[in-house]
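Peer 1: mmCIF, C-alpha atoms and all ligand atoms, file input30.cif:
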data_query
loop_
_atom_site.label_atom_id
_atom_site.label_comp_id
_atom_site.auth_asym_id
_atom_site.auth_seq_id
_atom_site.Cartn_x
_atom_site.Cartn_y
_atom_site.Cartn_z
CA MET J 62 -3.12 36.11 -0.74
CA ALA J 63 -0.99 33.83 -2.76
CA GLN J 64 2.65 34.34 -3.39
CA THR J 65 4.47 32.45 -6.03
CA ILE J 66 8.14 31.63 -5.97
CA VAL J 67 9.63 31.96 -9.38
CA LYS J 68 12.62 30.21 -10.72
CA ALA J 69 15.07 32.35 -12.60
CA GLY J 70 15.01 30.14 -15.66
CA THR J 71 11.29 30.56 -16.13
CA MET J 72 11.56 34.25 -15.75
CA SER J 73 14.34 34.77 -18.19
CA ALA J 74 12.55 32.75 -20.83
CA VAL J 75 9.65 35.17 -20.70
CA ALA J 76 11.93 38.16 -20.63
CA ARG J 77 13.91 36.94 -23.61
CA THR J 78 10.78 36.32 -25.59
CA PHE J 79 9.15 39.63 -24.97
CA ALA J 80 12.09 41.90 -24.41
CA ILE J 81 10.72 43.47 -21.27
CA PRO J 82 13.58 42.54 -18.98
CA LEU J 83 12.73 45.47 -16.77
CA PHE J 84 9.82 43.46 -15.39
CA PHE J 85 11.80 40.34 -14.78
CA GLY J 86 14.92 41.39 -13.00
CA ALA J 87 14.23 39.78 -9.63
CA LEU J 88 14.70 36.13 -8.88
CA VAL J 89 11.68 36.08 -6.65
CA LEU J 90 8.41 37.56 -7.73
CA ALA J 91 5.58 38.32 -5.38
CA HIS J 92 2.42 38.66 -7.39
CA ALA J 93 0.50 41.78 -6.52
CA ALA J 94 -2.58 39.89 -7.60
CA PRO J 95 -3.43 36.38 -6.49
CA ALA J 96 -1.88 33.75 -8.70
CA GLN J 97 -4.23 30.85 -8.59
CA GLY J 98 -3.26 29.07 -11.70
CA ASP J 99 -5.41 28.63 -14.69
CA ASP J 100 -5.80 24.92 -14.25
CA SER J 101 -7.13 23.42 -11.07
CA LYS J 102 -7.90 26.94 -9.91
CA ASN J 103 -10.48 27.58 -7.29
CA ASP J 104 -11.88 24.13 -7.17
CA PRO J 105 -9.29 21.69 -5.89
CA ALA J 106 -11.83 18.91 -6.06
CA ALA J 107 -11.96 19.31 -9.79
CA HIS J 108 -8.28 18.77 -10.17
CA PRO J 109 -6.44 17.42 -12.04
CA GLY J 110 -8.20 18.02 -15.27
CA GLU J 111 -9.49 20.80 -17.38
CA ASP J 112 -12.98 20.30 -16.07
CA ALA J 113 -12.55 22.73 -13.21
CA GLY J 114 -15.12 25.01 -14.76
CA VAL J 115 -18.64 24.39 -15.96
CA PRO J 116 -18.66 21.64 -18.56
CA ALA J 117 -19.10 22.75 -22.13
CA PRO J 118 -22.42 21.88 -23.72
CA ALA J 119 -22.69 19.21 -26.35
CA PRO J 120 -21.27 20.11 -29.74
CA LYS J 121 -23.76 22.02 -31.83
CA GLU J 122 -22.13 22.31 -35.21
CA GLU J 123 -19.62 20.68 -37.41
CA ALA J 124 -16.07 21.86 -37.22
CA VAL J 125 -15.63 24.79 -39.54
CA VAL J 126 -12.22 23.96 -40.87
CA ARG J 127 -10.74 20.72 -42.07
CA ALA J 128 -7.02 20.20 -41.91
CA SER J 129 -4.98 18.78 -44.68
CA VAL J 130 -1.40 17.92 -44.10
CA GLN J 131 0.11 19.04 -47.32
CA MET J 132 3.12 21.21 -47.66
CA ALA J 133 2.57 24.33 -49.69
CA PRO J 134 4.79 24.79 -52.72
CA PRO J 135 8.17 25.98 -51.48
CA LYS J 136 8.22 29.74 -51.39
CA ASN J 137 10.25 31.98 -49.15
CA ASP J 138 9.28 29.87 -46.18
CA SER J 139 9.69 26.20 -47.00
CA ARG J 140 7.82 25.35 -43.81
CA ALA J 141 4.61 27.04 -44.99
CA LEU J 142 1.61 24.81 -44.55
CA THR J 143 -1.84 24.89 -46.04
CA ILE J 144 -5.20 23.91 -44.66
CA THR J 145 -8.56 23.61 -46.37
CA THR J 146 -11.29 25.80 -44.93
CA ALA J 147 -14.85 24.53 -44.47
CA ASP J 148 -15.93 26.43 -47.57
CA GLY J 149 -13.38 24.61 -49.66
CA ARG J 150 -10.74 27.27 -49.96
CA THR J 151 -7.07 26.55 -49.61
CA ALA J 152 -5.28 28.76 -47.15
CA THR J 153 -1.69 29.16 -46.09
CA CYS J 154 -0.92 29.16 -42.38
CA ARG J 155 0.85 32.34 -41.34
CA GLU J 156 3.33 32.22 -38.53
CA GLN J 157 3.04 34.82 -35.78
CA THR J 158 4.02 35.39 -32.18
CA ALA J 159 1.92 36.23 -29.14
CA GLN J 160 1.05 39.90 -28.70
CA PRO J 161 3.02 41.02 -25.62
CA PHE J 162 0.20 43.02 -23.99
CA LEU J 163 -1.84 39.81 -23.81
CA VAL J 164 0.87 37.85 -22.02
CA ARG J 165 0.02 37.25 -18.36
CA GLY J 166 3.60 37.65 -17.16
CA ASN J 167 3.62 41.26 -18.35
CA TRP J 168 0.63 42.26 -16.20
CA PHE J 169 2.32 41.56 -12.87
CA PRO J 170 5.79 43.11 -12.87
CA SER J 171 8.07 42.16 -10.00
CA SER J 172 9.12 45.77 -9.45
CA LYS J 173 7.91 47.87 -6.54
CA ASP J 174 8.13 50.98 -8.69
CA PRO J 175 4.56 52.36 -8.82
CA GLU J 176 4.99 53.45 -12.42
CA ILE J 177 6.03 49.99 -13.55
CA ILE J 178 3.19 48.37 -11.61
CA LYS J 179 0.78 50.87 -13.12
CA HIS J 180 2.02 50.02 -16.59
CA GLY J 181 1.40 46.32 -15.94
CA ARG J 182 -2.16 47.04 -14.85
CA LYS J 183 -2.70 49.15 -17.94
CA LEU J 184 -1.66 46.19 -20.09
CA LEU J 185 -4.14 43.97 -18.23
CA GLU J 186 -6.89 46.55 -18.79
CA ASP J 187 -6.00 46.75 -22.47
CA ALA J 188 -6.01 42.95 -22.66
CA ILE J 189 -9.50 42.75 -21.17
CA LYS J 190 -10.79 45.37 -23.61
CA TYR J 191 -9.19 43.58 -26.54
CA ARG J 192 -10.46 40.15 -25.55
CA THR J 193 -13.97 41.53 -25.02
CA SER J 194 -14.21 43.20 -28.39
CA THR J 195 -12.44 40.38 -30.23
CA TYR J 196 -13.86 37.31 -28.51
CA GLY J 197 -16.94 38.32 -26.50
CA TYR J 198 -18.15 39.95 -23.30
CA PHE J 199 -17.67 37.94 -20.12
CA GLU J 200 -19.75 39.15 -17.19
CA GLY J 201 -17.73 41.22 -14.72
CA PHE J 202 -14.87 42.04 -17.07
CA GLY J 203 -14.87 44.88 -19.58
CA SER J 204 -17.94 46.42 -21.14
CA ARG J 205 -20.86 44.77 -22.90
CA LYS J 206 -20.84 47.77 -25.22
CA ALA J 207 -17.66 46.40 -26.77
CA ASN J 208 -19.35 43.14 -27.74
CA PRO J 209 -23.05 42.26 -27.34
CA HIS J 210 -22.40 38.52 -27.17
CA PRO J 211 -20.69 36.29 -24.64
CA PRO J 212 -17.78 34.15 -25.86
CA LYS J 213 -19.98 31.04 -25.83
CA PHE J 214 -22.02 32.60 -28.63
CA TYR J 215 -18.95 32.18 -30.83
CA ALA J 216 -17.90 28.76 -29.52
CA LYS J 217 -17.79 25.83 -31.88
CA PRO J 218 -16.66 22.25 -31.56
CA THR J 219 -13.71 21.13 -33.57
CA THR J 220 -11.18 18.36 -33.49
CA PHE J 221 -7.54 18.64 -32.60
CA MET J 222 -5.30 15.62 -33.02
CA GLY J 223 -8.37 13.39 -32.94
CA LEU J 224 -9.79 14.97 -29.77
CA THR J 225 -12.98 17.03 -29.71
CA VAL J 226 -12.65 20.47 -28.17
CA GLN J 227 -14.93 23.47 -28.14
CA VAL J 228 -13.22 26.81 -28.72
CA HIS J 229 -13.89 30.26 -30.14
CA GLU J 230 -14.53 29.92 -33.85
CA LYS J 231 -11.87 32.54 -34.63
CA ILE J 232 -9.03 30.36 -33.36
CA ILE J 233 -10.07 27.09 -35.00
CA PRO J 234 -7.91 27.80 -38.07
CA ALA J 235 -4.90 28.37 -35.79
CA LEU J 236 -5.47 24.99 -34.13
CA LYS J 237 -5.76 23.38 -37.54
CA CYS J 238 -2.47 24.96 -38.56
CA VAL J 239 -0.79 23.62 -35.42
CA GLU J 240 -2.19 20.17 -36.15
CA ALA J 241 -1.00 20.29 -39.75
CA ALA J 242 2.45 21.40 -38.60
CA LEU J 243 2.68 18.69 -35.93
CA LYS J 244 1.93 16.10 -38.60
CA ALA J 245 4.29 17.64 -41.12
CA ASN J 246 7.27 17.95 -38.79
CA GLY J 247 6.88 14.54 -37.18
CA ALA J 248 6.02 15.81 -33.68
CA ALA J 249 2.62 14.12 -33.97
CA ASN J 250 4.41 10.76 -33.77
CA GLU J 251 6.26 11.72 -30.58
CA TYR J 252 3.21 12.23 -28.40
CA LYS J 253 -0.45 11.27 -28.54
CA PRO J 254 -2.57 13.07 -25.92
CA ARG J 255 -5.67 11.29 -24.69
CA SER J 256 -7.63 14.37 -23.61
CA ALA J 257 -7.93 18.08 -24.18
CA GLY J 258 -10.14 20.90 -22.91
CA GLY J 259 -11.16 24.25 -24.37
CA ILE J 260 -13.79 26.85 -23.45
CA ARG J 261 -15.16 27.18 -19.93
CA PHE J 262 -18.12 29.19 -18.77
CA LYS J 263 -16.83 30.09 -15.34
CA ASN J 264 -13.77 32.18 -14.54
CA THR J 265 -11.27 29.96 -12.80
CA TYR J 266 -8.94 32.78 -11.76
CA ARG J 267 -9.48 34.85 -8.65
CA GLY J 268 -9.15 38.59 -8.30
CA VAL J 269 -8.50 40.87 -11.23
CA GLU J 270 -7.77 38.20 -13.81
CA VAL J 271 -10.03 36.43 -16.21
CA SER J 272 -9.01 33.16 -17.79
CA ASN J 273 -8.50 32.82 -21.50
CA HIS J 274 -10.54 29.62 -21.23
CA VAL J 275 -13.68 31.73 -20.80
CA TYR J 276 -12.94 33.47 -24.08
CA GLY J 277 -12.54 30.12 -25.81
CA ILE J 278 -8.98 30.89 -26.82
CA ALA J 279 -7.16 28.51 -24.45
CA ILE J 280 -6.65 24.79 -24.74
CA ASP J 281 -5.35 22.34 -22.17
CA ILE J 282 -3.54 19.29 -23.45
CA GLU J 283 -3.89 16.15 -21.33
CA PRO J 284 -4.18 17.90 -17.94
CA ASP J 285 -3.42 14.80 -15.89
CA ARG J 286 0.00 14.30 -17.46
CA ASN J 287 1.19 17.87 -18.03
CA SER J 288 1.65 19.55 -14.66
CA CYS J 289 0.86 23.01 -13.30
CA CYS J 290 3.21 23.27 -10.33
CA GLY J 291 2.42 26.96 -9.69
CA CYS J 292 -1.31 26.31 -9.50
CA VAL J 293 -3.38 25.88 -6.37
CA ALA J 294 -3.42 22.64 -4.39
CA PRO J 295 -3.24 19.82 -4.94
CA TRP J 296 -0.81 20.48 -7.79
CA PRO J 297 2.16 21.54 -5.63
CA ASN J 298 1.92 18.18 -3.88
CA HIS J 299 1.90 16.20 -7.10
CA PRO J 300 4.93 13.89 -7.40
CA LEU J 301 5.99 15.69 -10.57
CA CYS J 302 6.04 19.03 -8.70
CA LYS J 303 7.67 17.64 -5.56
CA ALA J 304 10.57 16.19 -7.49
CA LYS J 305 13.68 18.29 -6.92
CA HIS J 306 15.96 19.50 -9.66
CA LYS J 307 13.52 18.73 -12.42
CA THR J 308 13.07 21.28 -15.15
CA VAL J 309 9.62 22.27 -16.30
CA TRP J 310 10.19 20.09 -19.36
CA GLU J 311 10.68 17.07 -17.14
CA ARG J 312 7.41 17.65 -15.35
CA MET J 313 5.28 17.09 -18.42
CA ALA J 314 4.48 14.33 -20.86
CA MET J 315 4.24 16.61 -23.84
CA PRO J 316 7.50 17.04 -25.75
CA LYS J 317 9.10 20.41 -26.42
CA SER J 318 8.47 19.93 -30.13
CA TRP J 319 4.77 20.47 -29.44
CA VAL J 320 5.40 23.70 -27.53
CA ASP J 321 7.63 24.99 -30.30
CA THR J 322 5.01 24.13 -32.92
CA PHE J 323 2.13 25.79 -31.06
CA GLU J 324 4.22 28.91 -30.58
CA ARG J 325 4.83 29.27 -34.30
CA TYR J 326 1.13 29.96 -34.84
CA GLY J 327 0.38 32.61 -32.23
CA PHE J 328 -0.14 30.42 -29.18
CA TYR J 329 1.53 31.28 -25.89
CA TRP J 330 2.56 28.41 -23.63
CA LEU J 331 1.80 29.06 -19.96
CA GLY J 332 4.71 26.82 -19.02
CA HIS J 333 6.78 30.00 -19.44
CA ASP J 334 4.71 31.69 -16.75
CA VAL J 335 5.31 31.56 -13.00
CA LEU J 336 2.38 29.16 -12.89
CA GLN J 337 4.35 26.63 -14.94
CA ASP J 338 1.05 25.57 -16.43
CA THR J 339 2.51 23.11 -18.93
CA MET J 340 -0.79 21.76 -20.26
CA HIS J 341 -2.03 25.21 -21.28
CA PHE J 342 -1.77 27.08 -24.58
CA GLU J 343 -3.61 30.30 -25.33
CA PHE J 344 -3.96 32.00 -28.65
CA LEU J 345 -2.53 35.49 -28.17
CA GLY J 346 -1.79 36.21 -31.80
CA ASP J 347 -3.98 38.28 -34.12
CA PRO J 348 -6.93 36.16 -35.30
CA ASP J 349 -7.05 38.19 -38.52
CA LYS J 350 -3.53 37.05 -39.38
CA ILE J 351 -3.91 33.28 -39.02
CA LEU J 352 -4.48 32.47 -42.70
CA ASP J 353 -3.75 33.73 -46.16
CA ILE J 354 -6.36 32.50 -48.61
CA VAL J 355 -4.45 31.33 -51.65
CA LYS J 356 -7.04 29.50 -53.73
CA SER J 357 -10.84 29.50 -53.96
ZN ZN X 1 -5.67 25.92 -19.12
#
Could you spell out this file's structure in structure tokens?
Peer 2:
Amino acid sequence: MAQTIVKAGTMSAVARTFAIPLFFGALVLAHAAPAQGDDSKNDPAAHPGEDAGVPAPAPKEEAVVRASVQMAPPKNDSRALTITTADGRTATCREQTAQPFLVRGNWFPSSKDPEIIKHGRKLLEDAIKYRTSTYGYFEGFGSRKANPHPPKFYAKPTTFMGLTVQVHEKIIPALKCVEAALKANGAANEYKPRSAGGIRFKNTYRGVEVSNHVYGIAIDIEPDRNSCCGCVAPWPNHPLCKAKHKTVWERMAMPKSWVDTFERYGFYWLGHDVLQDTMHFEFLGDPDKILDIVKS
């Protein structure tokens, strides 16, 4: 049974974001469920790297969306970006935040109050149902009736910042929006990752959780340089994690500008979580609200 010590700063960031301070009052959180980390997970030998799961098969199709880094005409939001979809349409990127019931930190409240714990489990159940119907059925979680296909049925290769990743087709436009924004706001010049990982075909969490990697909605950015100090060994022994008095931002190569940019387009950064999984972003927004088609 794993217990994870949580720093107050990490906790309050989550609480501030999702306004559920009730869950985050304690300085120390003992997970009721095992917290294994979403990167490095059950297979220490596979760490560090996003290849802890079964490798993705070779790309089978062209990327469905091409990015173009042009600013949309100034409207209400001068930061609005457009991308060009694979079928040649111009679309505006819509900003959105993660849906709170999909956020991992909300499933495991620190309280001992049975009602609060029950509520957290209900959110996890809801999240599994939602991910199944929206992204595919993963064996052992949810019902096949909600979706006849596994997530890999919907997986497609795409490129992100020059790196090939395979993800659920529904979130490719969101990645393209992040890429366009990183280029438009200059963050692309601050950091150039050399690797990235997307869908996996094996659940790398233990217990009641199922990783967003199996749904194809999570992406790891340069896993060997962006730490996961709350993950299973050997991460806690990594020099970046051993270093005292370092903030989570100092234990990663990726700059904060990247985190901020991802979060504008519905991605949740697992660096906020007790796992401090700084390499990991998961799309927890509404996939139907990623784009507005403005021109055919
Ligand atoms: Zn990950």
Peer 1: Compare J:Cys292, J:Val226, J:Ala207, J:Leu163 by their minimum atom-to-atom distance to Arg261 of chain J, counting all atoms listed in the file, and give me the closest one.
Peer 2: J:Val226
Peer 1: Pick from J:Asp353, J:Ala248, J:Glu200, J:Pro300: nearest to Asn264 of chain J, with only C-alpha atoms counted?
Peer 2: J:Glu200
Peer 1: Any idea what the distance is between atom CA of Pro284 of chain J and atom CA of Gly332 of chain J?
Peer 2: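 Result for atom CA of Pro284 of chain J versus atom CA of Gly332 of chain J: 12.6 Å, one decimal.
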Peer 1: Atom CA of Ala294 of chain J and atom CA of Arg255 of chain J, how far apart in Å?
Peer 2: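 That distance, rounded to one decimal, is 23.4 Å.
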Peer 1: Counting only C-alpha atoms, which residue out of J:Val164, J:Ala257, J:Val269, J:Lys179 sits closest to Leu331 of chain J?
Peer 2: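 Smallest distance to Leu331 of chain J is found for J:Val164.
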Peer 1: Check which residues fall inside 8 Å of ligand ZN 1 (chain X) when counting only C-alpha atoms and all ligand atoms, and print them as JSON, numbers by chain.
Peer 2: {"J": [99, 100, 111, 258, 259, 273, 274, 279, 280, 281, 338, 340, 341, 342, 343]}
Peer 1: For the residues in that selection, give me C-alpha atoms as a JSON list (two decimals), in the frame of the given file.
Peer 2:
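Written out: result_29.json:
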[["chain", "number", "residue", "atom", "x", "y", "z"],
["J", 99, "ASP", "CA", -5.41, 28.63, -14.69],
["J", 100, "ASP", "CA", -5.80, 24.92, -14.25],
["J", 111, "GLU", "CA", -9.49, 20.80, -17.38],
["J", 258, "GLY", "CA", -10.14, 20.90, -22.91],
["J", 259, "GLY", "CA", -11.16, 24.25, -24.37],
["J", 273, "ASN", "CA", -8.50, 32.82, -21.50],
["J", 274, "HIS", "CA", -10.54, 29.62, -21.23],
["J", 279, "ALA", "CA", -7.16, 28.51, -24.45],
["J", 280, "ILE", "CA", -6.65, 24.79, -24.74],
["J", 281, "ASP", "CA", -5.35, 22.34, -22.17],
["J", 338, "ASP", "CA", 1.05, 25.57, -16.43],
["J", 340, "MET", "CA", -0.79, 21.76, -20.26],
["J", 341, "HIS", "CA", -2.03, 25.21, -21.28],
["J", 342, "PHE", "CA", -1.77, 27.08, -24.58],
["J", 343, "GLU", "CA", -3.61, 30.30, -25.33]]
Peer 1: With only C-alpha atoms as the counted atoms, please give the residues lying no more than 8 Å from segment 186-194 of chain J, apart from itself and same-chain residues fewer than 5 positions off, as a list of chain:residue names.
Peer 2: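 Final neighbour list, sorted by chain and number: J:Phe162, J:Leu163, J:Phe199, J:Phe202, J:Gly203, J:Ser204, J:Arg205, J:Ala207, J:Asn208, J:Tyr276.
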Peer 1: The residues within 6 Å of (5.6, 38.2, -18.5), using all atoms listed in the file and the coordinates of the file, should be reported as an NGL selection string; which are they?
Peer 2: :J and (75 or 164-167)
Peer 1: Select, from J:Leu336, J:Cys290, J:Ala241, J:Ile282, the residue with the minimum atom-to-atom distance to Ala314 of chain J, counting only C-alpha atoms.
Peer 2: J:Ile282
Peer 1: Mind pulling up the distance from atom CA of Val355 of chain J to atom CA of Cys238 of chain J?
Peer 2: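 Between atom CA of Cys238 of chain J and atom CA of Val355 of chain J the gap is 14.7 Å.
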Peer 1: For each of J:Gly277, J:Gly291, J:Pro234, J:Pro170, take the minimum atom-to-atom distance to Ile144 of chain J, counting only C-alpha atoms, then give the residue where this is smallest.
Peer 2: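 Closest residue, counting only C-alpha atoms: J:Pro234.
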Peer 1: Hey, which of J:Ala242, J:Val335, J:Cys289, J:Leu184 ends up closest to Val320 of chain J? Count all atoms listed in the file.
Peer 2: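 Looking only at the distances to Val320 of chain J, the closest residue turns out to be J:Ala242.
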Peer 1: Return as JSON the centre and edge lengths, in Å with one decimal, of the box along x, y and z that encloses every atom of segment 167-180 of chain J in the file, padded by 8 Å per side.
Peer 2:
{"center_x": 4.9, "center_y": 47.4, "center_z": -12.4, "size_x": 24.5, "size_y": 28.2, "size_z": 27.8}
Peer 1: Generate a file for segment 237-265 of chain J, containing N, CA and C atoms, as a PDB file, in the first residue's frame.
Peer 2:
ATOM      1  N   LYS J 237      -2.781  20.411 -31.529  1.00  0.00           N
ATOM      2  CA  LYS J 237      -2.387  21.365 -32.579  1.00  0.00           C
ATOM      3  C   LYS J 237      -2.589  22.807 -32.108  1.00  0.00           C
ATOM      4  N   CYS J 238      -3.614  23.020 -31.313  1.00  0.00           N
ATOM      5  CA  CYS J 238      -3.848  24.365 -30.768  1.00  0.00           C
ATOM      6  C   CYS J 238      -2.737  24.735 -29.789  1.00  0.00           C
ATOM      7  N   VAL J 239      -2.336  23.775 -28.955  1.00  0.00           N
ATOM      8  CA  VAL J 239      -1.241  24.041 -28.015  1.00  0.00           C
ATOM      9  C   VAL J 239       0.022  24.377 -28.801  1.00  0.00           C
ATOM     10  N   GLU J 240       0.291  23.596 -29.831  1.00  0.00           N
ATOM     11  CA  GLU J 240       1.497  23.844 -30.634  1.00  0.00           C
ATOM     12  C   GLU J 240       1.452  25.241 -31.268  1.00  0.00           C
ATOM     13  N   ALA J 241       0.315  25.575 -31.845  1.00  0.00           N
ATOM     14  CA  ALA J 241       0.175  26.891 -32.465  1.00  0.00           C
ATOM     15  C   ALA J 241       0.374  27.997 -31.429  1.00  0.00           C
ATOM     16  N   ALA J 242      -0.146  27.794 -30.233  1.00  0.00           N
ATOM     17  CA  ALA J 242      -0.019  28.804 -29.181  1.00  0.00           C
ATOM     18  C   ALA J 242       1.428  28.913 -28.697  1.00  0.00           C
ATOM     19  N   LEU J 243       2.103  27.769 -28.564  1.00  0.00           N
ATOM     20  CA  LEU J 243       3.510  27.796 -28.124  1.00  0.00           C
ATOM     21  C   LEU J 243       4.367  28.574 -29.126  1.00  0.00           C
ATOM     22  N   LYS J 244       4.041  28.415 -30.400  1.00  0.00           N
ATOM     23  CA  LYS J 244       4.801  29.133 -31.429  1.00  0.00           C
ATOM     24  C   LYS J 244       4.429  30.612 -31.444  1.00  0.00           C
ATOM     25  N   ALA J 245       3.161  30.890 -31.220  1.00  0.00           N
ATOM     26  CA  ALA J 245       2.708  32.280 -31.272  1.00  0.00           C
ATOM     27  C   ALA J 245       3.189  33.089 -30.071  1.00  0.00           C
ATOM     28  N   ASN J 246       3.272  32.447 -28.913  1.00  0.00           N
ATOM     29  CA  ASN J 246       3.645  33.230 -27.718  1.00  0.00           C
ATOM     30  C   ASN J 246       5.136  33.158 -27.382  1.00  0.00           C
ATOM     31  N   GLY J 247       5.881  32.471 -28.223  1.00  0.00           N
ATOM     32  CA  GLY J 247       7.336  32.452 -28.048  1.00  0.00           C
ATOM     33  C   GLY J 247       7.852  31.341 -27.158  1.00  0.00           C
ATOM     34  N   ALA J 248       6.935  30.604 -26.490  1.00  0.00           N
ATOM     35  CA  ALA J 248       7.382  29.527 -25.584  1.00  0.00           C
ATOM     36  C   ALA J 248       8.110  28.425 -26.346  1.00  0.00           C
ATOM     37  N   ALA J 249       7.780  28.269 -27.625  1.00  0.00           N
ATOM     38  CA  ALA J 249       8.438  27.227 -28.437  1.00  0.00           C
ATOM     39  C   ALA J 249       9.941  27.452 -28.512  1.00  0.00           C
ATOM     40  N   ASN J 250      10.367  28.704 -28.388  1.00  0.00           N
ATOM     41  CA  ASN J 250      11.809  29.001 -28.460  1.00  0.00           C
ATOM     42  C   ASN J 250      12.512  28.758 -27.126  1.00  0.00           C
ATOM     43  N   GLU J 251      11.736  28.632 -26.054  1.00  0.00           N
ATOM     44  CA  GLU J 251      12.340  28.468 -24.724  1.00  0.00           C
ATOM     45  C   GLU J 251      12.746  27.034 -24.442  1.00  0.00           C
ATOM     46  N   TYR J 252      12.136  26.093 -25.145  1.00  0.00           N
ATOM     47  CA  TYR J 252      12.326  24.679 -24.794  1.00  0.00           C
ATOM     48  C   TYR J 252      12.031  23.821 -26.011  1.00  0.00           C
ATOM     49  N   LYS J 253      12.928  22.881 -26.269  1.00  0.00           N
ATOM     50  CA  LYS J 253      12.732  21.990 -27.418  1.00  0.00           C
ATOM     51  C   LYS J 253      12.872  20.533 -26.959  1.00  0.00           C
ATOM     52  N   PRO J 254      11.758  19.889 -26.627  1.00  0.00           N
ATOM     53  CA  PRO J 254      11.820  18.501 -26.148  1.00  0.00           C
ATOM     54  C   PRO J 254      12.318  17.562 -27.241  1.00  0.00           C
ATOM     55  N   ARG J 255      13.001  16.514 -26.804  1.00  0.00           N
ATOM     56  CA  ARG J 255      13.563  15.554 -27.760  1.00  0.00           C
ATOM     57  C   ARG J 255      12.728  14.283 -27.849  1.00  0.00           C
ATOM     58  N   SER J 256      11.743  14.136 -26.973  1.00  0.00           N
ATOM     59  CA  SER J 256      10.904  12.933 -27.027  1.00  0.00           C
ATOM     60  C   SER J 256       9.534  13.224 -26.420  1.00  0.00           C
ATOM     61  N   ALA J 257       8.592  12.403 -26.807  1.00  0.00           N
ATOM     62  CA  ALA J 257       7.237  12.514 -26.245  1.00  0.00           C
ATOM     63  C   ALA J 257       6.545  11.176 -26.419  1.00  0.00           C
ATOM     64  N   GLY J 258       5.606  10.874 -25.530  1.00  0.00           N
ATOM     65  CA  GLY J 258       4.863   9.614 -25.617  1.00  0.00           C
ATOM     66  C   GLY J 258       3.376   9.867 -25.472  1.00  0.00           C
ATOM     67  N   GLY J 259       2.575   9.008 -26.097  1.00  0.00           N
ATOM     68  CA  GLY J 259       1.122   9.185 -26.044  1.00  0.00           C
ATOM     69  C   GLY J 259       0.405   7.948 -25.538  1.00  0.00           C
ATOM     70  N   ILE J 260      -0.375   7.311 -26.427  1.00  0.00           N
ATOM     71  CA  ILE J 260      -1.232   6.195 -25.995  1.00  0.00           C
ATOM     72  C   ILE J 260      -0.391   4.992 -25.566  1.00  0.00           C
ATOM     73  N   ARG J 261      -0.930   4.273 -24.582  1.00  0.00           N
ATOM     74  CA  ARG J 261      -0.371   2.984 -24.168  1.00  0.00           C
ATOM     75  C   ARG J 261      -1.489   1.961 -24.189  1.00  0.00           C
ATOM     76  N   PHE J 262      -1.116   0.698 -24.266  1.00  0.00           N
ATOM     77  CA  PHE J 262      -2.133  -0.342 -24.365  1.00  0.00           C
ATOM     78  C   PHE J 262      -2.194  -1.219 -23.118  1.00  0.00           C
ATOM     79  N   LYS J 263      -1.517  -0.746 -22.083  1.00  0.00           N
ATOM     80  CA  LYS J 263      -1.526  -1.460 -20.813  1.00  0.00           C
ATOM     81  C   LYS J 263      -1.731  -0.414 -19.719  1.00  0.00           C
ATOM     82  N   ASN J 264      -2.565  -0.738 -18.749  1.00  0.00           N
ATOM     83  CA  ASN J 264      -2.797   0.210 -17.656  1.00  0.00           C
ATOM     84  C   ASN J 264      -1.588   0.227 -16.731  1.00  0.00           C
ATOM     85  N   THR J 265      -1.019   1.397 -16.542  1.00  0.00           N
ATOM     86  CA  THR J 265       0.190   1.484 -15.728  1.00  0.00           C
ATOM     87  C   THR J 265      -0.103   1.941 -14.302  1.00  0.00           C
TER      88      THR J 265
END
